[in-house]
$ cat run_4.pdb   # PDB, C-alpha atoms
ATOM      1  CA  MET A   1       0.000   0.000   0.000
ATOM      2  CA  ILE A   2       0.961   3.659  -0.191
ATOM      3  CA  ASN A   3       2.981   4.555   2.931
ATOM      4  CA  SER A   4       3.741   8.255   2.417
ATOM      5  CA  ILE A   5       3.533  11.141  -0.048
ATOM      6  CA  PHE A   6       5.483  14.359  -0.491
ATOM      7  CA  THR A   7       4.840  17.035  -3.115
ATOM      8  CA  LYS A   8       6.341  20.408  -3.881
ATOM      9  CA  ASN A   9       4.987  22.973  -6.359
ATOM     10  CA  PHE A  10       2.283  20.534  -7.488
ATOM     11  CA  GLY A  11      -0.606  22.850  -8.419
ATOM     12  CA  PRO A  12      -2.257  24.127  -5.205
ATOM     13  CA  LEU A  13      -0.015  21.784  -3.164
ATOM     14  CA  GLU A  14       2.982  24.082  -2.790
ATOM     15  CA  ILE A  15       4.409  21.989   0.045
ATOM     16  CA  PHE A  16       2.580  18.868   1.125
ATOM     17  CA  GLU A  17       3.755  15.936   3.233
ATOM     18  CA  TRP A  18       1.727  13.070   4.679
ATOM     19  CA  ASN A  19       3.447  10.154   6.394
ATOM     20  CA  LYS A  20       2.368   6.983   8.216
ATOM     21  CA  LEU A  21      -0.619   6.348   5.970
ATOM     22  CA  GLY A  22      -3.072   3.588   6.847
ATOM     23  CA  LYS A  23      -5.643   1.349   5.218
ATOM     24  CA  ILE A  24      -8.242   4.128   5.492
ATOM     25  CA  ASN A  25      -7.104   7.728   4.974
ATOM     26  CA  LEU A  26      -9.218  10.868   5.095
ATOM     27  CA  ILE A  27      -8.613  14.269   3.485
ATOM     28  CA  LEU A  28     -10.624  17.204   4.822
ATOM     29  CA  GLY A  29     -10.937  20.740   3.606
ATOM     30  CA  PRO A  30     -13.226  23.402   2.146
ATOM     31  CA  ASN A  31     -13.906  23.799  -1.555
ATOM     32  CA  SER A  32     -10.850  24.698  -3.681
ATOM     33  CA  SER A  33      -8.415  23.610  -0.972
ATOM     34  CA  GLY A  34      -6.836  20.937  -3.195
ATOM     35  CA  LYS A  35      -8.523  17.758  -1.907
ATOM     36  CA  SER A  36      -9.487  16.404  -5.330
ATOM     37  CA  PHE A  37      -6.149  17.559  -6.753
ATOM     38  CA  LEU A  38      -4.324  15.507  -4.124
ATOM     39  CA  LEU A  39      -6.427  12.424  -4.885
ATOM     40  CA  LYS A  40      -5.614  12.768  -8.582
ATOM     41  CA  ALA A  41      -1.898  13.222  -7.860
ATOM     42  CA  LEU A  42      -1.920   9.947  -5.930
ATOM     43  CA  TYR A  43      -4.043   8.238  -8.559
ATOM     44  CA  THR A  44      -1.831   9.169 -11.513
ATOM     45  CA  ALA A  45       1.225   7.819  -9.704
ATOM     46  CA  ILE A  46      -0.253   4.500  -8.579
ATOM     47  CA  ARG A  47      -1.867   3.878 -11.988
ATOM     48  CA  THR A  48       1.461   4.575 -13.680
ATOM     49  CA  LEU A  49       3.033   1.864 -11.539
ATOM     50  CA  GLU A  50       0.200  -0.536 -12.394
ATOM     51  CA  ASP A  51       0.329   0.094 -16.141
ATOM     52  CA  TYR A  52       4.110  -0.252 -16.381
ATOM     53  CA  ARG A  53       5.073  -3.504 -18.152
ATOM     54  CA  ARG A  54       1.458  -4.701 -18.112
ATOM     55  CA  GLY A  55       0.596  -6.969 -21.014
ATOM     56  CA  ASP A  56       2.292  -5.881 -24.228
ATOM     57  CA  ASP A  57       2.666  -2.229 -23.165
ATOM     58  CA  GLN A  58       6.229  -1.302 -24.135
ATOM     59  CA  ARG A  59       6.132   2.281 -22.886
ATOM     60  CA  SER A  60       8.608   3.505 -20.294
ATOM     61  CA  THR A  61       7.501   4.651 -16.840
ATOM     62  CA  ALA A  62       8.094   8.276 -17.896
ATOM     63  CA  GLU A  63       5.923   7.910 -21.008
ATOM     64  CA  ILE A  64       3.063   6.334 -19.054
ATOM     65  CA  LEU A  65       3.277   8.998 -16.342
ATOM     66  CA  GLN A  66       3.325  11.882 -18.839
ATOM     67  CA  ASN A  67       0.235  10.530 -20.586
ATOM     68  CA  LYS A  68      -1.546   9.965 -17.263
ATOM     69  CA  LEU A  69      -0.784  13.483 -16.015
ATOM     70  CA  TYR A  70      -1.842  15.030 -19.325
ATOM     71  CA  TRP A  71      -5.213  13.279 -19.528
ATOM     72  CA  THR A  72      -6.003  13.470 -15.811
ATOM     73  CA  PHE A  73      -5.257  17.164 -15.255
ATOM     74  CA  GLN A  74      -6.061  18.115 -18.885
ATOM     75  CA  THR A  75      -3.704  21.057 -19.381
ATOM     76  CA  ASP A  76      -2.079  22.213 -22.631
ATOM     77  CA  LYS A  77       1.203  20.812 -21.344
ATOM     78  CA  ILE A  78       2.053  18.990 -18.127
ATOM     79  CA  GLY A  79       4.337  21.891 -17.152
ATOM     80  CA  ASP A  80       1.152  23.877 -16.505
ATOM     81  CA  ILE A  81       0.542  21.679 -13.432
ATOM     82  CA  VAL A  82       3.551  23.312 -11.739
ATOM     83  CA  THR A  83       2.442  25.854  -9.121
ATOM     84  CA  LYS A  84       1.994  29.253 -10.757
ATOM     85  CA  GLY A  85       4.874  31.586  -9.981
ATOM     86  CA  ALA A  86       7.059  28.805  -8.577
ATOM     87  CA  ALA A  87      10.755  29.263  -9.342
ATOM     88  CA  LEU A  88      11.603  25.618  -8.640
ATOM     89  CA  PRO A  89      10.355  22.447 -10.400
ATOM     90  CA  LEU A  90       7.419  20.292  -9.426
ATOM     91  CA  GLU A  91       8.487  17.397  -7.183
ATOM     92  CA  TYR A  92       6.551  14.251  -6.299
ATOM     93  CA  LYS A  93       7.706  11.459  -4.016
ATOM     94  CA  MET A  94       5.718   8.451  -2.832
ATOM     95  CA  THR A  95       6.625   5.253  -0.999
ATOM     96  CA  VAL A  96       4.731   2.053  -1.766
ATOM     97  CA  ASP A  97       5.403  -0.949   0.473
ATOM     98  CA  GLY A  98       8.537   0.832   1.638
ATOM     99  CA  ASN A  99       9.901   1.463  -1.872
ATOM    100  CA  GLU A 100      10.193   4.892  -3.457
ATOM    101  CA  PHE A 101       8.709   6.333  -6.633
ATOM    102  CA  ARG A 102       9.665   9.910  -7.447
ATOM    103  CA  TYR A 103       9.694  12.361 -10.316
ATOM    104  CA  ALA A 104      10.343  16.031 -10.999
ATOM    105  CA  TYR A 105      10.010  18.457 -13.920
ATOM    106  CA  GLY A 106       9.752  22.168 -14.661
ATOM    107  CA  ARG A 107       7.173  24.605 -16.055
ATOM    108  CA  ASP A 108       8.287  24.289 -19.682
ATOM    109  CA  THR A 109       7.819  20.513 -19.771
ATOM    110  CA  THR A 110       5.553  19.178 -22.492
ATOM    111  CA  LYS A 111       6.337  15.451 -22.704
ATOM    112  CA  GLN A 112       9.832  14.670 -21.437
ATOM    113  CA  ILE A 113       9.859  14.309 -17.634
ATOM    114  CA  SER A 114      13.382  15.312 -16.590
ATOM    115  CA  GLU A 115      13.766  13.189 -13.459
ATOM    116  CA  ILE A 116      12.081   9.906 -12.595
ATOM    117  CA  GLU A 117      13.046   7.001 -10.336
ATOM    118  CA  ASN A 118      11.034   3.869  -9.705
ATOM    119  CA  HIS A 119      11.997   1.310  -7.079
ATOM    120  CA  VAL A 120       8.481  -0.129  -6.662
ATOM    121  CA  SER A 121       7.856  -3.727  -7.711
ATOM    122  CA  ASN A 122       5.414  -4.374 -10.569
ATOM    123  CA  ARG A 123       1.805  -4.180  -9.428
ATOM    124  CA  ASP A 124      -0.825  -6.583 -10.734
ATOM    125  CA  ALA A 125      -3.692  -4.847  -8.946
ATOM    126  CA  ASN A 126      -6.128  -2.274 -10.367
ATOM    127  CA  SER A 127      -6.665   0.935  -8.470
ATOM    128  CA  VAL A 128      -9.730   3.036  -9.155
ATOM    129  CA  PHE A 129     -11.001   6.583  -8.657
ATOM    130  CA  LEU A 130     -14.678   7.108  -7.795
ATOM    131  CA  PRO A 131     -15.524  10.748  -8.632
ATOM    132  CA  ALA A 132     -18.166  12.772  -6.832
ATOM    133  CA  LYS A 133     -20.481  12.430  -9.835
ATOM    134  CA  GLU A 134     -21.740   8.979 -10.845
ATOM    135  CA  VAL A 135     -20.750   7.709 -14.295
ATOM    136  CA  LEU A 136     -23.467   5.208 -15.244
ATOM    137  CA  SER A 137     -25.817   7.726 -16.848
ATOM    138  CA  ILE A 138     -22.972   9.348 -18.828
ATOM    139  CA  TYR A 139     -21.135   6.097 -19.548
ATOM    140  CA  HIS A 140     -21.467   6.254 -23.357
ATOM    141  CA  ASN A 141     -20.619   9.969 -23.431
ATOM    142  CA  ILE A 142     -17.367   9.312 -21.573
ATOM    143  CA  LEU A 143     -16.270   6.524 -23.909
ATOM    144  CA  LYS A 144     -17.201   8.454 -27.066
ATOM    145  CA  SER A 145     -15.524  11.639 -25.886
ATOM    146  CA  ARG A 146     -12.245   9.920 -25.086
ATOM    147  CA  GLU A 147     -12.028   6.816 -27.274
ATOM    148  CA  VAL A 148     -13.618   8.226 -30.437
ATOM    149  CA  ASP A 149     -13.341  12.020 -30.344
ATOM    150  CA  LYS A 150     -10.150  12.078 -28.203
ATOM    151  CA  VAL A 151     -10.966  15.462 -26.670
ATOM    152  CA  PHE A 152     -10.724  17.014 -23.228
ATOM    153  CA  GLY A 153     -13.821  16.946 -21.044
ATOM    154  CA  PHE A 154     -13.859  13.708 -19.111
ATOM    155  CA  ASP A 155     -10.477  13.130 -17.492
ATOM    156  CA  ASP A 156      -8.733   9.776 -17.023
ATOM    157  CA  THR A 157     -10.449   9.096 -13.702
ATOM    158  CA  TYR A 158     -13.759   8.930 -15.616
ATOM    159  CA  LEU A 159     -12.378   7.012 -18.587
ATOM    160  CA  ASP A 160     -10.614   4.401 -16.453
ATOM    161  CA  LEU A 161     -13.747   3.915 -14.381
ATOM    162  CA  ALA A 162     -16.006   3.600 -17.436
ATOM    163  CA  ARG A 163     -13.686   0.948 -18.868
ATOM    164  CA  ALA A 164     -13.571  -0.857 -15.525
ATOM    165  CA  ILE A 165     -17.313  -1.159 -15.021
ATOM    166  CA  ARG A 166     -17.955  -2.447 -18.567
ATOM    167  CA  GLN A 167     -16.064  -5.653 -17.769
ATOM    168  CA  SER A 168     -18.396  -8.630 -17.370
ATOM    169  CA  PRO A 169     -19.242  -9.976 -13.893
ATOM    170  CA  LYS A 170     -17.269 -13.042 -12.832
ATOM    171  CA  LYS A 171     -18.816 -16.077 -11.216
ATOM    172  CA  GLY A 172     -17.358 -18.225  -8.475
ATOM    173  CA  LYS A 173     -16.484 -17.715  -4.825
ATOM    174  CA  ASN A 174     -15.255 -14.272  -3.911
ATOM    175  CA  PHE A 175     -13.448 -13.118  -0.763
ATOM    176  CA  ASP A 176     -15.842 -13.298   2.187
ATOM    177  CA  GLU A 177     -15.356  -9.582   2.885
ATOM    178  CA  PHE A 178     -16.162  -8.749  -0.736
ATOM    179  CA  ALA A 179     -19.285 -10.934  -0.706
ATOM    180  CA  GLN A 180     -20.463  -9.356   2.555
ATOM    181  CA  SER A 181     -19.807  -5.892   1.179
ATOM    182  CA  ARG A 182     -21.811  -6.605  -1.967
ATOM    183  CA  GLN A 183     -24.717  -7.835   0.164
ATOM    184  CA  LYS A 184     -24.639  -4.636   2.231
ATOM    185  CA  LEU A 185     -24.399  -2.507  -0.921
ATOM    186  CA  GLU A 186     -27.398  -4.218  -2.488
ATOM    187  CA  GLU A 187     -29.376  -3.671   0.713
ATOM    188  CA  VAL A 188     -28.645   0.067   0.501
ATOM    189  CA  ILE A 189     -29.483   0.134  -3.206
ATOM    190  CA  GLY A 190     -32.661  -1.904  -2.755
ATOM    191  CA  GLY A 191     -31.975  -3.833  -5.951
ATOM    192  CA  LYS A 192     -29.271  -4.352  -8.562
ATOM    193  CA  ILE A 193     -27.678  -2.317 -11.312
ATOM    194  CA  GLU A 194     -26.952  -4.362 -14.445
ATOM    195  CA  PHE A 195     -25.734  -3.740 -17.962
ATOM    196  CA  ASP A 196     -28.414  -4.717 -20.483
ATOM    197  CA  GLU A 197     -26.564  -6.149 -23.486
ATOM    198  CA  PRO A 198     -29.460  -5.912 -26.035
ATOM    199  CA  SER A 199     -29.964  -2.188 -25.425
ATOM    200  CA  GLY A 200     -26.374  -1.434 -24.476
ATOM    201  CA  ARG A 201     -27.621   0.493 -21.446
ATOM    202  CA  TRP A 202     -27.376   0.294 -17.678
ATOM    203  CA  ILE A 203     -30.645  -0.507 -15.902
ATOM    204  CA  PHE A 204     -31.833  -0.684 -12.293
ATOM    205  CA  LYS A 205     -33.633  -3.894 -11.326
ATOM    206  CA  LYS A 206     -35.869  -3.921  -8.273
ATOM    207  CA  GLY A 207     -37.682  -7.238  -7.957
ATOM    208  CA  ASN A 208     -39.338  -7.897 -11.307
ATOM    209  CA  GLN A 209     -39.302  -4.246 -12.289
ATOM    210  CA  LYS A 210     -36.708  -2.556 -14.485
ATOM    211  CA  PHE A 211     -35.957   1.157 -14.526
ATOM    212  CA  THR A 212     -33.840   3.222 -16.888
ATOM    213  CA  ILE A 213     -30.631   4.491 -15.362
ATOM    214  CA  GLY A 214     -31.692   8.083 -16.026
ATOM    215  CA  SER A 215     -34.688   7.739 -13.722
ATOM    216  CA  THR A 216     -32.662   6.147 -10.915
ATOM    217  CA  ALA A 217     -31.518   8.165  -7.899
ATOM    218  CA  GLU A 218     -27.986   9.567  -8.046
ATOM    219  CA  GLY A 219     -26.983   7.942  -4.747
ATOM    220  CA  ILE A 220     -28.097   4.490  -5.927
ATOM    221  CA  LYS A 221     -26.049   4.818  -9.111
ATOM    222  CA  LYS A 222     -22.980   5.920  -7.187
ATOM    223  CA  ILE A 223     -23.046   3.027  -4.713
ATOM    224  CA  ALA A 224     -23.838   0.578  -7.539
ATOM    225  CA  ILE A 225     -20.487   1.404  -9.157
ATOM    226  CA  LEU A 226     -18.589  -0.021  -6.179
ATOM    227  CA  ASP A 227     -20.812  -3.111  -6.236
ATOM    228  CA  THR A 228     -20.086  -3.565  -9.957
ATOM    229  CA  LEU A 229     -16.316  -3.350  -9.427
ATOM    230  CA  LEU A 230     -16.497  -5.991  -6.711
ATOM    231  CA  GLY A 231     -18.703  -8.200  -8.879
ATOM    232  CA  ASN A 232     -16.463  -8.167 -11.953
ATOM    233  CA  ARG A 233     -13.310  -8.527  -9.781
ATOM    234  CA  TYR A 234     -11.736  -5.411 -11.264
ATOM    235  CA  ILE A 235     -10.591  -4.449  -7.769
ATOM    236  CA  ASP A 236      -8.953  -6.993  -5.507
ATOM    237  CA  ASP A 237      -7.273  -7.124  -2.118
ATOM    238  CA  ASN A 238      -4.246  -5.136  -3.358
ATOM    239  CA  SER A 239      -6.194  -2.284  -4.954
ATOM    240  CA  VAL A 240      -6.149   1.336  -3.845
ATOM    241  CA  VAL A 241      -9.562   3.020  -4.026
ATOM    242  CA  PHE A 242      -9.864   6.816  -4.177
ATOM    243  CA  ILE A 243     -13.280   8.298  -3.375
ATOM    244  CA  ASP A 244     -14.007  11.966  -3.960
ATOM    245  CA  GLU A 245     -16.849  13.184  -1.716
ATOM    246  CA  PRO A 246     -18.266   9.812  -0.609
ATOM    247  CA  GLU A 247     -21.167  11.721   0.946
ATOM    248  CA  SER A 248     -22.338  13.108  -2.417
ATOM    249  CA  ALA A 249     -26.040  12.313  -3.075
ATOM    250  CA  LEU A 250     -26.228   9.969  -0.062
ATOM    251  CA  HIS A 251     -28.370  10.412   3.038
ATOM    252  CA  PRO A 252     -26.643  10.031   6.453
ATOM    253  CA  LYS A 253     -27.727   6.417   6.995
ATOM    254  CA  ALA A 254     -26.325   5.395   3.603
ATOM    255  CA  ILE A 255     -23.078   7.232   4.415
ATOM    256  CA  GLU A 256     -22.842   5.265   7.654
ATOM    257  CA  THR A 257     -23.326   1.953   5.829
ATOM    258  CA  LEU A 258     -20.814   2.920   3.139
ATOM    259  CA  MET A 259     -18.181   3.659   5.795
ATOM    260  CA  ASP A 260     -18.861   0.248   7.382
ATOM    261  CA  ILE A 261     -18.268  -1.300   3.952
ATOM    262  CA  VAL A 262     -15.019   0.668   3.591
ATOM    263  CA  LEU A 263     -13.870  -0.798   6.930
ATOM    264  CA  LEU A 264     -14.793  -4.319   5.837
ATOM    265  CA  LEU A 265     -12.948  -4.015   2.525
ATOM    266  CA  SER A 266      -9.913  -2.460   4.195
ATOM    267  CA  GLU A 267      -9.693  -5.486   6.481
ATOM    268  CA  ARG A 268      -9.360  -7.631   3.336
ATOM    269  CA  GLY A 269      -6.470  -5.458   2.124
ATOM    270  CA  ILE A 270      -7.901  -2.602   0.013
ATOM    271  CA  GLN A 271      -6.468   0.815   0.846
ATOM    272  CA  PHE A 272      -8.801   3.822   0.766
ATOM    273  CA  PHE A 273      -8.217   7.536   0.300
ATOM    274  CA  MET A 274     -11.326   9.686   0.712
ATOM    275  CA  ALA A 275     -11.709  13.451   0.288
ATOM    276  CA  SER A 276     -14.670  14.929   2.109
ATOM    277  CA  HIS A 277     -16.221  17.969   3.735
ATOM    278  CA  SER A 278     -18.984  16.047   5.518
ATOM    279  CA  TYR A 279     -19.313  15.943   9.292
ATOM    280  CA  PHE A 280     -21.146  12.599   8.963
ATOM    281  CA  VAL A 281     -18.167  11.009   7.197
ATOM    282  CA  VAL A 282     -15.711  12.325   9.802
ATOM    283  CA  LYS A 283     -17.880  11.303  12.757
ATOM    284  CA  LYS A 284     -18.543   7.797  11.450
ATOM    285  CA  LEU A 285     -14.851   7.171  10.717
ATOM    286  CA  PHE A 286     -13.985   8.546  14.159
ATOM    287  CA  LEU A 287     -16.361   6.008  15.744
ATOM    288  CA  ILE A 288     -14.891   3.220  13.590
ATOM    289  CA  ALA A 289     -11.389   4.152  14.744
ATOM    290  CA  GLN A 290     -12.435   4.276  18.399
ATOM    291  CA  GLN A 291     -14.559   1.127  18.399
ATOM    292  CA  ASN A 292     -12.009  -0.981  16.512
ATOM    293  CA  SER A 293      -8.843   0.566  17.957
ATOM    294  CA  ILE A 294      -7.417   1.234  14.505
ATOM    295  CA  SER A 295      -5.475   4.092  12.999
ATOM    296  CA  ILE A 296      -7.308   6.297  10.498
ATOM    297  CA  PRO A 297      -4.900   9.053   9.408
ATOM    298  CA  VAL A 298      -6.544  12.344   8.523
ATOM    299  CA  ILE A 299      -5.062  15.447   6.976
ATOM    300  CA  SER A 300      -7.035  18.663   6.939
ATOM    301  CA  PHE A 301      -6.615  22.052   5.333
ATOM    302  CA  ASP A 302      -7.418  24.784   7.802
ATOM    303  CA  ASN A 303      -6.122  28.336   8.225
ATOM    304  CA  ASN A 304      -4.101  28.010   4.990
ATOM    305  CA  ALA A 305      -2.109  25.012   6.210
ATOM    306  CA  TRP A 306      -2.279  21.224   6.030
ATOM    307  CA  LYS A 307      -2.332  19.493   9.411
ATOM    308  CA  SER A 308      -2.156  15.745   9.997
ATOM    309  CA  ALA A 309      -3.845  13.838  12.814
ATOM    310  CA  ASP A 310      -5.283  10.401  13.554
ATOM    311  CA  LEU A 311      -8.915   9.645  14.329
ATOM    312  CA  LYS A 312      -7.849   7.031  16.868
ATOM    313  CA  ASP A 313      -6.599   9.984  18.967
ATOM    314  CA  GLY A 314      -9.835  11.962  18.686
ATOM    315  CA  MET A 315     -11.659  14.375  16.404
ATOM    316  CA  PRO A 316      -9.277  16.747  14.594
ATOM    317  CA  ASP A 317      -9.383  20.531  14.814
ATOM    318  CA  ASN A 318     -11.095  21.582  11.610
ATOM    319  CA  SER A 319     -13.649  24.118  10.425
ATOM    320  CA  ILE A 320     -16.034  21.301   9.408
ATOM    321  CA  ILE A 321     -16.062  19.983  12.969
ATOM    322  CA  GLN A 322     -16.246  23.467  14.445
ATOM    323  CA  ALA A 323     -19.222  24.417  12.265
ATOM    324  CA  SER A 324     -21.170  21.426  13.595
ATOM    325  CA  ILE A 325     -20.247  22.323  17.197
ATOM    326  CA  ASP A 326     -21.276  25.947  16.615
ATOM    327  CA  LEU A 327     -24.679  24.878  15.288
ATOM    328  CA  TYR A 328     -25.202  22.615  18.303
ATOM    329  CA  MET A 329     -24.263  25.413  20.733
ATOM    330  CA  GLU A 330     -26.596  27.791  18.886
ATOM    331  CA  GLU A 331     -29.411  25.263  19.283
ATOM    332  CA  VAL A 332     -28.700  24.838  23.018
ATOM    333  CA  THR A 333     -28.556  28.612  23.515
ATOM    334  CA  THR A 334     -31.849  29.050  21.652
ATOM    335  CA  GLN A 335     -33.583  26.421  23.802
ATOM    336  CA  ILE A 336     -32.246  27.886  27.026
ATOM    337  CA  GLY A 337     -33.243  31.372  25.952
TER     338      GLY A 337
END
$ encode --input "run_4.pdb" --output "structure tokens"
Amino acid sequence: MINSIFTKNFGPLEIFEWNKLGKINLILGPNSSGKSFLLKALYTAIRTLEDYRRGDDQRSTAEILQNKLYWTFQTDKIGDIVTKGAALPLEYKMTVDGNEFRYAYGRDTTKQISEIENHVSNRDANSVFLPAKEVLSIYHNILKSREVDKVFGFDDTYLDLARAIRQSPKKGKNFDEFAQSRQKLEEVIGGKIEFDEPSGRWIFKKGNQKFTIGSTAEGIKKIAILDTLLGNRYIDDNSVVFIDEPESALHPKAIETLMDIVLLLSERGIQFFMASHSYFVVKKLFLIAQQNSISIPVISFDNNAWKSADLKDGMPDNSIIQASIDLYMEEVTTQIG
């Protein structure tokens, strides 16, 4: 799994360091603080390591990384990802299972990454990025935009996910934790999401009824994606799963169940990175850490600085937490008054 990350002059992450990562990791911060950017930085690196020497791909690590950065951040040239006004190059360093992967390049870089070192063993696993918006209803648009038209719009997190979910379900015994997770997911969904081959469309099945994906609730479609990836075995016990705003389109009870599923899958070996600004997500993960005596590293952007903490040690100081406390105190004051 990913053990640590360090970046310098990487877009909004002028200086960022996060060590002692765990199976479940949480990123907190307000809008435009760089949460999604950080997830994508991690994703491009781990996917580069997974694509290197896979199948008949003859590309070098640098070529794969350049392509991944270009199509994930979708800039005219990858040098545009360097922090604006920075005099020094972009630097990225990550350790995976104790081995280092690092690269660096400057603002004028188009394709040739000047420095790159890879000491990480080949990875057979598939990591995946679950964006805040579901992809089932725009599935065909994503594939056409990228595979046919080859234009910017849907970045690589969407394309990779669309390709992942179109793989056929696999039969046979799955890991117990995966099977239990799928059962919990289907209980939240209240049915099943399936790909209808004759129509070439995703549908929602509830009992004997079938519904078009467009008329299905956003939250159901989002959770169904994780169920699909478990069902077709795209993700396994060595995967890293990145979730941007897991709370998006979900009511609090569904968020609670989803976090329980994250715990269950992490116990099987999957590593999670989640970016959120939901008090419900933070509180549920805090309870999971306390009740199970496990480490859940959290890094939060507050007062223009990134601060790391661990939910096993308590709730972190953060504006999201403080806003909830302030509302509670306002309610108490109103009742007393």
$ closest_residue --input "run_4.pdb" --among "A:Ala254, A:Leu287, A:Ala45, A:Leu88" --to "Glu14 of chain A" --atoms "all atoms listed in the file"
A:Leu88
$ resolve_selection --input "run_4.pdb" --expression "the PyMOL selection byres ((chain A and resi 93) around 9)" --output "compact mmCIF listing (two decimals) with C-alpha atoms, in the frame of the given file"
# COMPACT_ATOMS: atom_id res chain seq x y z
CA SER A 4 3.74 8.26 2.42
CA ILE A 5 3.53 11.14 -0.05
CA PHE A 6 5.48 14.36 -0.49
CA THR A 7 4.84 17.04 -3.12
CA GLU A 91 8.49 17.40 -7.18
CA TYR A 92 6.55 14.25 -6.30
CA MET A 94 5.72 8.45 -2.83
CA THR A 95 6.62 5.25 -1.00
CA GLU A 100 10.19 4.89 -3.46
CA PHE A 101 8.71 6.33 -6.63
CA ARG A 102 9.66 9.91 -7.45
CA TYR A 103 9.69 12.36 -10.32
CA ALA A 104 10.34 16.03 -11.00
$ residues_around --input "run_4.pdb" --residues "segment 269-281 of chain A" --least-positions-apart "4" --cutoff "8 Å" --atoms "all atoms listed in the file" --output "PyMOL selection string"
chain A and resi 1+22-30+35-36+39+236-247+252+255-256+259+262+265+285+320-321+324
$ resolve_selection --input "run_4.pdb" --expression "the PyMOL selection byres ((chain A and resi 106-109) around 6)" --output "mmCIF file with C-alpha atoms, in the coordinates of the input"
data_model
loop_
_atom_site.group_PDB
_atom_site.id
_atom_site.type_symbol
_atom_site.label_atom_id
_atom_site.label_comp_id
_atom_site.auth_asym_id
_atom_site.auth_seq_id
_atom_site.Cartn_x
_atom_site.Cartn_y
_atom_site.Cartn_z
ATOM 1 C CA GLY A 79 4.337 21.891 -17.152
ATOM 2 C CA VAL A 82 3.551 23.312 -11.739
ATOM 3 C CA PRO A 89 10.355 22.447 -10.400
ATOM 4 C CA TYR A 105 10.010 18.457 -13.920
ATOM 5 C CA THR A 110 5.553 19.178 -22.492
#
$ closest_atom_pairs --input "run_4.pdb" --of "segment 183-223 of chain A" --to "segment 128-132 of chain A" --cutoff "12 Å" --atoms "all atoms listed in the file" --output "JSON lines"
{"residue": "A:Glu218", "atom": "CA", "partner": "A:Ala132", "partner_atom": "CA", "distance": 10.4}
{"residue": "A:Gly219", "atom": "CA", "partner": "A:Ala132", "partner_atom": "CA", "distance": 10.3}
{"residue": "A:Lys221", "atom": "CA", "partner": "A:Ala132", "partner_atom": "CA", "distance": 11.4}
{"residue": "A:Lys222", "atom": "CA", "partner": "A:Ala132", "partner_atom": "CA", "distance": 8.4}
{"residue": "A:Ile223", "atom": "CA", "partner": "A:Leu130", "partner_atom": "CA", "distance": 9.8}
$ atom_distance --input "run_4.pdb" --atom1 "atom CA of Asp97 of chain A" --atom2 "atom CA of Ser33 of chain A"
28.2 Å
$ closest_residue --input "run_4.pdb" --among "A:Gly314, A:Pro169, A:Gly190, A:Gly55" --to "Thr228 of chain A" --atoms "all atoms listed in the file"
A:Pro169
$ closest_residue --input "run_4.pdb" --among "A:Leu13, A:Leu42, A:Ala309, A:Ile235" --to "Asn174 of chain A" --atoms "only C-alpha atoms"
A:Ile235
$ closest_residue --input "run_4.pdb" --among "A:Glu197, A:Asp317, A:Asp310, A:Asp56" --to "Ser168 of chain A" --atoms "only C-alpha atoms"
A:Glu197
$ axis_aligned_box --input "run_4.pdb" --around "segment 83-86 of chain A" --padding-each-side "3 Å" --output "JSON"
{"center_x": 4.5, "center_y": 28.7, "center_z": -9.7, "size_x": 11.1, "size_y": 11.7, "size_z": 8.2}
$ resolve_selection --input "run_4.pdb" --expression "the PyMOL selection byres ((chain A and resi 144-151) around 12)" --output "PDB file with C-alpha atoms, in the frame of the given file"
ATOM      1  CA  TYR A  70      -1.842  15.030 -19.325  1.00  0.00           C
ATOM      2  CA  TRP A  71      -5.213  13.279 -19.528  1.00  0.00           C
ATOM      3  CA  THR A  72      -6.003  13.470 -15.811  1.00  0.00           C
ATOM      4  CA  GLN A  74      -6.061  18.115 -18.885  1.00  0.00           C
ATOM      5  CA  THR A  75      -3.704  21.057 -19.381  1.00  0.00           C
ATOM      6  CA  ASP A  76      -2.079  22.213 -22.631  1.00  0.00           C
ATOM      7  CA  ILE A 138     -22.972   9.348 -18.828  1.00  0.00           C
ATOM      8  CA  TYR A 139     -21.135   6.097 -19.548  1.00  0.00           C
ATOM      9  CA  HIS A 140     -21.467   6.254 -23.357  1.00  0.00           C
ATOM     10  CA  ASN A 141     -20.619   9.969 -23.431  1.00  0.00           C
ATOM     11  CA  ILE A 142     -17.367   9.312 -21.573  1.00  0.00           C
ATOM     12  CA  LEU A 143     -16.270   6.524 -23.909  1.00  0.00           C
ATOM     13  CA  PHE A 152     -10.724  17.014 -23.228  1.00  0.00           C
ATOM     14  CA  GLY A 153     -13.821  16.946 -21.044  1.00  0.00           C
ATOM     15  CA  PHE A 154     -13.859  13.708 -19.111  1.00  0.00           C
ATOM     16  CA  ASP A 155     -10.477  13.130 -17.492  1.00  0.00           C
ATOM     17  CA  ASP A 156      -8.733   9.776 -17.023  1.00  0.00           C
ATOM     18  CA  THR A 157     -10.449   9.096 -13.702  1.00  0.00           C
ATOM     19  CA  TYR A 158     -13.759   8.930 -15.616  1.00  0.00           C
ATOM     20  CA  LEU A 159     -12.378   7.012 -18.587  1.00  0.00           C
ATOM     21  CA  ASP A 160     -10.614   4.401 -16.453  1.00  0.00           C
ATOM     22  CA  ALA A 162     -16.006   3.600 -17.436  1.00  0.00           C
ATOM     23  CA  ARG A 163     -13.686   0.948 -18.868  1.00  0.00           C
TER      24      ARG A 163
END
$ closest_residue --input "run_4.pdb" --among "A:Gly11, A:Gly231, A:Gly191, A:Gly207" --to "Gly85 of chain A" --atoms "only C-alpha atoms"
A:Gly11
